[in-house]
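Structure data follow from protein37.txt (compact mmCIF, C-alpha atoms):
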# COMPACT_ATOMS: atom_id res chain seq x y z
CA ALA A 1 -11.52 8.68 17.71
CA GLN A 2 -8.28 10.10 16.46
CA LYS A 3 -8.19 13.51 14.85
CA VAL A 4 -5.52 15.69 13.30
CA THR A 5 -6.03 19.40 12.67
CA GLN A 6 -3.93 21.53 10.39
CA ALA A 7 -5.59 24.90 10.67
CA GLN A 8 -3.40 26.57 8.06
CA THR A 9 -4.80 25.73 4.66
CA GLU A 10 -2.32 27.73 2.64
CA ILE A 11 0.85 29.63 3.50
CA SER A 12 3.01 31.76 1.22
CA VAL A 13 6.40 33.09 2.24
CA VAL A 14 9.26 34.70 0.41
CA GLU A 15 12.30 32.54 -0.16
CA LYS A 16 14.77 32.45 2.77
CA GLU A 17 12.09 33.25 5.31
CA ASP A 18 11.37 30.80 8.10
CA VAL A 19 7.94 29.18 8.21
CA THR A 20 6.13 27.05 10.78
CA LEU A 21 3.38 24.60 9.95
CA ASP A 22 1.03 23.81 12.80
CA CYS A 23 -0.41 20.43 13.72
CA VAL A 24 -2.74 19.68 16.61
CA TYR A 25 -3.91 16.16 17.32
CA GLU A 26 -6.45 14.34 19.47
CA THR A 27 -6.16 10.79 20.75
CA ARG A 28 -7.14 8.84 23.81
CA ASP A 29 -4.14 6.58 23.47
CA THR A 30 -1.08 7.07 25.62
CA THR A 31 1.13 5.46 23.02
CA TYR A 32 0.98 6.79 19.50
CA TYR A 33 3.11 7.98 16.62
CA LEU A 34 3.10 11.27 14.80
CA PHE A 35 4.35 11.84 11.28
CA TRP A 36 4.95 14.55 8.76
CA TYR A 37 4.77 13.86 5.05
CA LYS A 38 5.50 16.11 2.09
CA GLN A 39 3.48 15.82 -1.10
CA PRO A 40 5.10 17.54 -4.06
CA PRO A 41 3.15 18.14 -7.27
CA SER A 42 4.06 14.64 -8.46
CA GLY A 43 1.63 13.30 -5.86
CA GLU A 44 3.85 10.84 -4.03
CA LEU A 45 3.89 11.25 -0.26
CA VAL A 46 7.43 11.63 1.05
CA PHE A 47 8.12 10.64 4.64
CA LEU A 48 9.82 13.37 6.68
CA ILE A 49 9.72 12.31 10.30
CA ARG A 50 8.19 9.89 12.80
CA ARG A 51 7.96 10.65 16.49
CA ASN A 52 6.57 8.43 19.23
CA SER A 53 4.54 9.78 22.09
CA PHE A 54 7.23 9.12 24.68
CA ASP A 55 9.89 11.15 22.95
CA GLU A 56 9.30 14.86 23.35
CA GLN A 57 12.74 15.93 22.31
CA ASN A 58 12.78 18.43 19.51
CA GLU A 59 14.45 17.22 16.35
CA ILE A 60 16.45 19.05 13.75
CA SER A 61 17.35 17.74 10.33
CA GLY A 62 19.13 20.29 8.22
CA ARG A 63 16.73 23.15 7.61
CA TYR A 64 13.83 21.17 9.08
CA SER A 65 12.92 21.07 12.76
CA TRP A 66 10.02 19.67 14.71
CA ASN A 67 8.58 20.76 18.04
CA PHE A 68 6.52 18.12 19.87
CA GLN A 69 4.57 19.27 22.92
CA LYS A 70 2.29 16.74 24.57
CA SER A 71 0.93 19.39 26.92
CA THR A 72 -0.69 21.18 23.99
CA SER A 73 -1.07 18.10 21.74
CA SER A 74 0.94 19.79 19.05
CA PHE A 75 3.60 18.65 16.65
CA ASN A 76 4.74 21.67 14.68
CA PHE A 77 7.13 21.72 11.77
CA THR A 78 9.50 24.58 10.98
CA ILE A 79 11.44 25.15 7.79
CA THR A 80 14.35 27.52 8.22
CA ALA A 81 15.63 29.58 5.30
CA SER A 82 12.93 28.28 2.99
CA GLN A 83 13.67 27.39 -0.61
CA VAL A 84 11.50 27.14 -3.69
CA VAL A 85 11.90 23.35 -3.61
CA ASP A 86 10.05 23.34 -0.29
CA SER A 87 6.85 24.26 -2.11
CA ALA A 88 4.46 21.37 -1.56
CA VAL A 89 1.52 20.22 0.50
CA TYR A 90 2.54 19.04 3.94
CA PHE A 91 0.52 16.54 5.93
CA CYS A 92 0.64 15.75 9.59
CA ALA A 93 -0.57 12.26 10.53
CA LEU A 94 -1.29 10.23 13.64
CA SER A 95 -1.14 6.50 14.18
CA GLU A 96 -1.99 4.28 17.08
CA ALA A 97 0.95 2.21 18.21
CA ASP A 98 -0.83 -1.08 18.66
CA PHE A 99 0.75 -3.87 16.75
CA GLY A 100 -1.22 -4.57 13.65
CA ASN A 101 -2.76 -1.16 13.38
CA GLU A 102 -1.28 0.26 10.22
CA LYS A 103 -3.81 3.04 9.88
CA LEU A 104 -2.75 6.65 9.52
CA THR A 105 -5.14 9.47 10.24
CA PHE A 106 -4.13 12.52 8.22
CA GLY A 107 -4.76 16.20 8.67
CA THR A 108 -6.15 18.17 5.78
CA GLY A 109 -2.73 19.42 4.78
CA THR A 110 -1.08 22.80 4.46
CA ARG A 111 -0.15 24.03 1.00
CA LEU A 112 3.16 25.87 1.27
CA THR A 113 4.27 28.16 -1.51
CA ILE A 114 7.74 29.65 -1.47
CA ILE A 115 7.93 32.79 -3.55
CA PRO A 116 11.31 33.34 -5.24
CA LYS B 1 16.00 -0.92 -2.99
CA ALA B 2 13.11 -0.34 -5.35
CA GLY B 3 10.27 1.75 -4.01
CA VAL B 4 6.56 1.15 -4.04
CA THR B 5 5.12 0.84 -7.53
CA GLN B 6 1.55 1.35 -8.57
CA THR B 7 -0.09 0.53 -11.87
CA PRO B 8 -1.65 2.00 -13.83
CA ARG B 9 -0.73 5.59 -13.07
CA TYR B 10 -3.79 7.03 -14.76
CA LEU B 11 -7.16 5.53 -15.50
CA ILE B 12 -10.39 6.81 -17.00
CA LYS B 13 -13.60 4.86 -16.49
CA THR B 14 -17.30 5.51 -16.82
CA ARG B 15 -19.96 5.22 -14.19
CA GLY B 16 -21.04 1.67 -13.46
CA GLN B 17 -17.80 0.09 -14.56
CA GLN B 18 -15.39 -1.62 -12.26
CA VAL B 19 -11.65 -1.06 -11.88
CA THR B 20 -8.66 -2.89 -10.44
CA LEU B 21 -5.56 -1.10 -9.21
CA SER B 22 -2.28 -2.80 -8.41
CA CYS B 23 0.43 -2.10 -5.85
CA SER B 24 3.82 -3.75 -5.45
CA PRO B 25 5.39 -3.04 -2.05
CA ILE B 26 9.03 -2.63 -1.17
CA SER B 27 10.78 -5.97 -1.14
CA GLY B 28 10.46 -7.59 2.27
CA HIS B 29 7.48 -5.50 3.33
CA ARG B 30 4.42 -7.52 4.26
CA SER B 31 1.90 -4.78 4.89
CA VAL B 32 0.11 -2.84 2.18
CA SER B 33 -2.33 -0.04 2.95
CA TRP B 34 -4.58 1.83 0.57
CA TYR B 35 -5.68 5.45 0.83
CA GLN B 36 -8.05 7.59 -1.19
CA GLN B 37 -7.22 11.24 -1.68
CA THR B 38 -9.83 13.71 -2.89
CA PRO B 39 -9.98 17.51 -2.70
CA GLY B 40 -13.09 17.35 -0.57
CA GLN B 41 -12.33 14.55 1.86
CA GLY B 42 -8.55 14.64 1.91
CA LEU B 43 -6.59 11.49 2.62
CA GLN B 44 -8.71 8.65 3.90
CA PHE B 45 -7.72 5.15 4.90
CA LEU B 46 -9.35 2.38 2.87
CA PHE B 47 -7.88 -0.86 4.18
CA GLU B 48 -4.68 -2.64 5.07
CA TYR B 49 -3.47 -6.12 4.20
CA PHE B 50 -0.84 -8.10 6.01
CA SER B 51 0.23 -11.57 4.98
CA GLU B 52 -2.72 -11.95 2.61
CA THR B 53 -5.28 -11.03 5.30
CA GLN B 54 -7.23 -7.82 5.65
CA ARG B 55 -6.15 -6.50 9.02
CA ASN B 56 -7.81 -3.07 9.13
CA LYS B 57 -10.63 -1.44 7.27
CA GLY B 58 -11.77 2.15 6.93
CA ASN B 59 -15.29 3.48 6.48
CA PHE B 60 -15.88 2.80 2.81
CA PRO B 61 -18.78 0.92 1.18
CA GLY B 62 -18.47 -2.69 0.14
CA ARG B 63 -17.89 -1.62 -3.46
CA PHE B 64 -14.29 -1.11 -2.38
CA SER B 65 -12.43 -4.35 -1.86
CA GLY B 66 -8.91 -5.61 -2.00
CA ARG B 67 -6.68 -8.59 -1.72
CA GLN B 68 -3.06 -9.43 -1.20
CA PHE B 69 -1.05 -12.18 -2.82
CA SER B 70 1.62 -14.40 -1.35
CA ASN B 71 4.34 -12.14 -2.76
CA SER B 72 2.75 -9.20 -0.86
CA ARG B 73 1.53 -7.49 -4.01
CA SER B 74 -1.91 -6.07 -3.51
CA GLU B 75 -4.85 -5.19 -5.69
CA MET B 76 -7.73 -2.90 -4.96
CA ASN B 77 -11.04 -3.23 -6.76
CA VAL B 78 -13.89 -0.77 -7.02
CA SER B 79 -17.13 -2.03 -8.50
CA THR B 80 -20.04 -0.02 -9.87
CA LEU B 81 -18.01 3.15 -10.13
CA GLU B 82 -19.57 6.46 -9.14
CA LEU B 83 -18.48 9.97 -10.07
CA GLY B 84 -17.37 10.51 -6.47
CA ASP B 85 -14.83 7.72 -6.78
CA SER B 86 -12.65 9.98 -8.88
CA ALA B 87 -9.54 10.36 -6.77
CA LEU B 88 -5.87 9.67 -6.34
CA TYR B 89 -5.45 6.21 -4.85
CA LEU B 90 -2.26 5.82 -2.88
CA CYS B 91 -0.72 2.60 -1.75
CA ALA B 92 1.65 2.43 1.20
CA SER B 93 4.07 -0.30 2.13
CA SER B 94 5.49 -1.11 5.54
CA SER B 95 7.19 -3.95 7.32
CA GLY B 96 4.03 -4.53 9.34
CA SER B 97 5.67 -3.91 12.71
CA SER B 98 4.24 -1.54 15.27
CA TYR B 99 6.40 1.32 14.04
CA ASN B 100 3.92 2.10 11.31
CA GLU B 101 6.46 3.83 9.11
CA GLN B 102 4.84 3.73 5.70
CA PHE B 103 6.37 4.36 2.31
CA PHE B 104 4.01 5.57 -0.37
CA GLY B 105 3.82 4.88 -4.07
CA PRO B 106 3.16 7.53 -6.73
CA GLY B 107 -0.55 6.77 -6.80
CA THR B 108 -3.12 5.92 -9.43
CA ARG B 109 -5.27 8.80 -10.57
CA LEU B 110 -8.75 7.49 -11.36
CA THR B 111 -11.22 9.62 -13.25
CA VAL B 112 -14.81 8.47 -13.46
CA LEU B 113 -16.90 10.07 -16.23

Structure rendered as structure tokens:
Amino acid sequence: AQKVTQAQTEISVVEKEDVTLDCVYETRDTTYYLFWYKQPPSGELVFLIRRNSFDEQNEISGRYSWNFQKSTSSFNFTITASQVVDSAVYFCALSEADFGNEKLTFGTGTRLTIIP
Amino acid sequence: KAGVTQTPRYLIKTRGQQVTLSCSPISGHRSVSWYQQTPGQGLQFLFEYFSETQRNKGNFPGRFSGRQFSNSRSEMNVSTLELGDSALYLCASSSGSSYNEQFFGPGTRLTVL
């Protein structure tokens, strides 16, 4: 069975600090996808990134970066120079890559608070 | 391109009643998935519909059911509501390909009294 663990329940940092959100996953599949979603107070999940299991390159998008390491089954997310608007709950999710399997398994989320 | 819409946004029901929630996916998307989010259980997959057929199902009792129409709009029904059904119900839309990139709606917050 698939499993996603986000051990950090809540994190608070002062604005402009860097912060890393951890995600560890379990799957027996060799092909899978990993995601990060942001959930602001409005409740809507906002897609941030998708990564397939064959692509271990780190990715940077503005102040956001992701570190995927298959050896440790981790897909960590770093926000550089955090801003108050980054305050939200962040979810890591895992999906099998079989066609027709549109099921996401989510972690429990990390609530990030940026203190101005 | 319009996003995923869900109606109603808020709903209050009493135990024993039934409720129907609606989701309109992004135009051209054929897959609609439903998720339940509660403080205790987090985000849990309910079921997924693709081309009017249920393609995947999570571990929820039969009181939870759904359907999808020919225009890809989907409805979710919960019968005999229980207090524990109080949750945010999120609908996600995708093209239905193996990429599994899902776009979520704002959710329907259901409160059962």

Find the residues in chain A near chain B: any atom within 10 Å counts, using only C-alpha atoms. Write them as an MDAnalysis selection string. chainID A and resid 32:35 37 42:47 49:52 91 93:109

Give me a file of those residues, with C-alpha atoms, as a compact mmCIF listing (two decimals), in the frame of the given file.
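Saved the output as out.txt:
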# COMPACT_ATOMS: atom_id res chain seq x y z
CA TYR A 32 0.98 6.79 19.50
CA TYR A 33 3.11 7.98 16.62
CA LEU A 34 3.10 11.27 14.80
CA PHE A 35 4.35 11.84 11.28
CA TYR A 37 4.77 13.86 5.05
CA SER A 42 4.06 14.64 -8.46
CA GLY A 43 1.63 13.30 -5.86
CA GLU A 44 3.85 10.84 -4.03
CA LEU A 45 3.89 11.25 -0.26
CA VAL A 46 7.43 11.63 1.05
CA PHE A 47 8.12 10.64 4.64
CA ILE A 49 9.72 12.31 10.30
CA ARG A 50 8.19 9.89 12.80
CA ARG A 51 7.96 10.65 16.49
CA ASN A 52 6.57 8.43 19.23
CA PHE A 91 0.52 16.54 5.93
CA ALA A 93 -0.57 12.26 10.53
CA LEU A 94 -1.29 10.23 13.64
CA SER A 95 -1.14 6.50 14.18
CA GLU A 96 -1.99 4.28 17.08
CA ALA A 97 0.95 2.21 18.21
CA ASP A 98 -0.83 -1.08 18.66
CA PHE A 99 0.75 -3.87 16.75
CA GLY A 100 -1.22 -4.57 13.65
CA ASN A 101 -2.76 -1.16 13.38
CA GLU A 102 -1.28 0.26 10.22
CA LYS A 103 -3.81 3.04 9.88
CA LEU A 104 -2.75 6.65 9.52
CA THR A 105 -5.14 9.47 10.24
CA PHE A 106 -4.13 12.52 8.22
CA GLY A 107 -4.76 16.20 8.67
CA THR A 108 -6.15 18.17 5.78
CA GLY A 109 -2.73 19.42 4.78

Measuring between all atoms listed in the file, which one of A:Pro116, A:Thr80, A:Ser53, A:Cys92 shows the shortest distance to A:Val19?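 Using all atoms listed in the file, A:Val19 sits closest to A:Thr80.
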
Do you have the atom CA of B:Tyr89-atom CA of A:Ser61 distance handy?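 So the answer is 29.7 Å.
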
Give as a ChimeraX atom specification each residue that has an atom at most 10 Å from (8.8, 29.7, 7.9) in the file, counting all atoms listed in the file. /A:11-21,64,77-82,112,114

How would the residues just picked look written out with C-alpha atoms as a PDB file, in the frame of the given file?
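In the end it all went to part-v3.pdb:
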ATOM      1  CA  ILE A  11       0.850  29.630   3.500  1.00  0.00           C
ATOM      2  CA  SER A  12       3.010  31.760   1.220  1.00  0.00           C
ATOM      3  CA  VAL A  13       6.400  33.090   2.240  1.00  0.00           C
ATOM      4  CA  VAL A  14       9.260  34.700   0.410  1.00  0.00           C
ATOM      5  CA  GLU A  15      12.300  32.540  -0.160  1.00  0.00           C
ATOM      6  CA  LYS A  16      14.770  32.450   2.770  1.00  0.00           C
ATOM      7  CA  GLU A  17      12.090  33.250   5.310  1.00  0.00           C
ATOM      8  CA  ASP A  18      11.370  30.800   8.100  1.00  0.00           C
ATOM      9  CA  VAL A  19       7.940  29.180   8.210  1.00  0.00           C
ATOM     10  CA  THR A  20       6.130  27.050  10.780  1.00  0.00           C
ATOM     11  CA  LEU A  21       3.380  24.600   9.950  1.00  0.00           C
ATOM     12  CA  TYR A  64      13.830  21.170   9.080  1.00  0.00           C
ATOM     13  CA  PHE A  77       7.130  21.720  11.770  1.00  0.00           C
ATOM     14  CA  THR A  78       9.500  24.580  10.980  1.00  0.00           C
ATOM     15  CA  ILE A  79      11.440  25.150   7.790  1.00  0.00           C
ATOM     16  CA  THR A  80      14.350  27.520   8.220  1.00  0.00           C
ATOM     17  CA  ALA A  81      15.630  29.580   5.300  1.00  0.00           C
ATOM     18  CA  SER A  82      12.930  28.280   2.990  1.00  0.00           C
ATOM     19  CA  LEU A 112       3.160  25.870   1.270  1.00  0.00           C
ATOM     20  CA  ILE A 114       7.740  29.650  -1.470  1.00  0.00           C
TER      21      ILE A 114
END

Kindly give the distance, in Å, that separates atom CA of B:Ser74 and atom CA of B:Leu113, rounded to a single decimal. 25.4 Å

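Taking atom CA of A:Glu56 as the reference point, atom CA of A:Val24 is found at 14.6 Å.
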
Neighbours of B:Arg73 within 9 Å (only C-alpha atoms; same-chain residues fewer than 2 positions away dropped), as a count of residues only? 12

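Among the candidate residues B:Ala87, B:Gln54, B:Pro61, B:Glu82, the one lying nearest to B:Arg9 is B:Ala87, with distances computed using all atoms listed in the file.
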
Shortest contact to B:Leu83, candidates B:Thr111, B:Gln36, B:Ser27, B:Thr53, atoms counted all atoms listed in the file, goes to B:Thr111

Restricting the calculation to all atoms listed in the file: of A:Lys3, A:Tyr90, A:Gln83, A:Asn76, which residue gets closest to A:Ile115? A:Gln83

Using only C-alpha atoms, determine which residues lie at most 7 Å from A:Phe75, disregarding the query and same-chain residues fewer than 2 positions distant; provide the list as a list in words.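 Contacts, in chain order: Asp22, Cys23, Val24, Trp66, Asn67, Phe68, Gln69, Ser73 and Phe77 of chain A.
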
Write out as a PDB file with C-alpha atoms, in the frame of the given file which residues come within 10 Å of B:Gln18 when counting only C-alpha atoms, dropping same-chain ones fewer than 6 positions away.
ATOM      1  CA  ARG B  63     -17.890  -1.620  -3.460  1.00  0.00           C
ATOM      2  CA  PHE B  64     -14.290  -1.110  -2.380  1.00  0.00           C
ATOM      3  CA  ASN B  77     -11.040  -3.230  -6.760  1.00  0.00           C
ATOM      4  CA  VAL B  78     -13.890  -0.770  -7.020  1.00  0.00           C
ATOM      5  CA  SER B  79     -17.130  -2.030  -8.500  1.00  0.00           C
ATOM      6  CA  THR B  80     -20.040  -0.020  -9.870  1.00  0.00           C
ATOM      7  CA  LEU B  81     -18.010   3.150 -10.130  1.00  0.00           C
ATOM      8  CA  GLU B  82     -19.570   6.460  -9.140  1.00  0.00           C
TER       9      GLU B  82
END

Filled-in N, CA and C atoms of stretch 7-20 of chain B, supplied as a short mmCIF file (atom, residue, chain, number, x, y, z; two decimals), in the frame of the given file:
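Output file part.cif is given in full below:
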data_model
loop_
_atom_site.label_atom_id
_atom_site.label_comp_id
_atom_site.auth_asym_id
_atom_site.auth_seq_id
_atom_site.Cartn_x
_atom_site.Cartn_y
_atom_site.Cartn_z
N THR B 7 0.34 0.53 -10.48
CA THR B 7 -0.09 0.53 -11.87
C THR B 7 -1.60 0.38 -11.95
N PRO B 8 -2.23 1.00 -12.94
CA PRO B 8 -1.65 2.00 -13.83
C PRO B 8 -1.49 3.34 -13.11
N ARG B 9 -0.85 4.28 -13.69
CA ARG B 9 -0.73 5.59 -13.07
C ARG B 9 -1.96 6.45 -13.31
N TYR B 10 -2.59 6.27 -14.43
CA TYR B 10 -3.79 7.03 -14.76
C TYR B 10 -4.83 6.09 -15.36
N LEU B 11 -6.08 6.39 -15.06
CA LEU B 11 -7.16 5.53 -15.50
C LEU B 11 -8.42 6.37 -15.69
N ILE B 12 -9.11 6.15 -16.79
CA ILE B 12 -10.39 6.81 -17.00
C ILE B 12 -11.44 5.73 -17.20
N LYS B 13 -12.50 5.81 -16.42
CA LYS B 13 -13.60 4.86 -16.49
C LYS B 13 -14.91 5.63 -16.54
N THR B 14 -15.97 4.90 -16.85
CA THR B 14 -17.30 5.51 -16.82
C THR B 14 -18.10 4.92 -15.67
N ARG B 15 -19.12 5.66 -15.29
CA ARG B 15 -19.96 5.22 -14.19
C ARG B 15 -20.49 3.81 -14.43
N GLY B 16 -20.52 3.02 -13.36
CA GLY B 16 -21.04 1.67 -13.46
C GLY B 16 -19.99 0.62 -13.76
N GLN B 17 -18.86 1.05 -14.28
CA GLN B 17 -17.80 0.09 -14.56
C GLN B 17 -17.08 -0.30 -13.28
N GLN B 18 -16.21 -1.26 -13.40
CA GLN B 18 -15.39 -1.62 -12.26
C GLN B 18 -13.92 -1.42 -12.65
N VAL B 19 -13.06 -1.32 -11.62
CA VAL B 19 -11.65 -1.06 -11.88
C VAL B 19 -10.79 -1.81 -10.87
N THR B 20 -9.62 -2.22 -11.32
CA THR B 20 -8.66 -2.89 -10.44
C THR B 20 -7.33 -2.14 -10.50
#
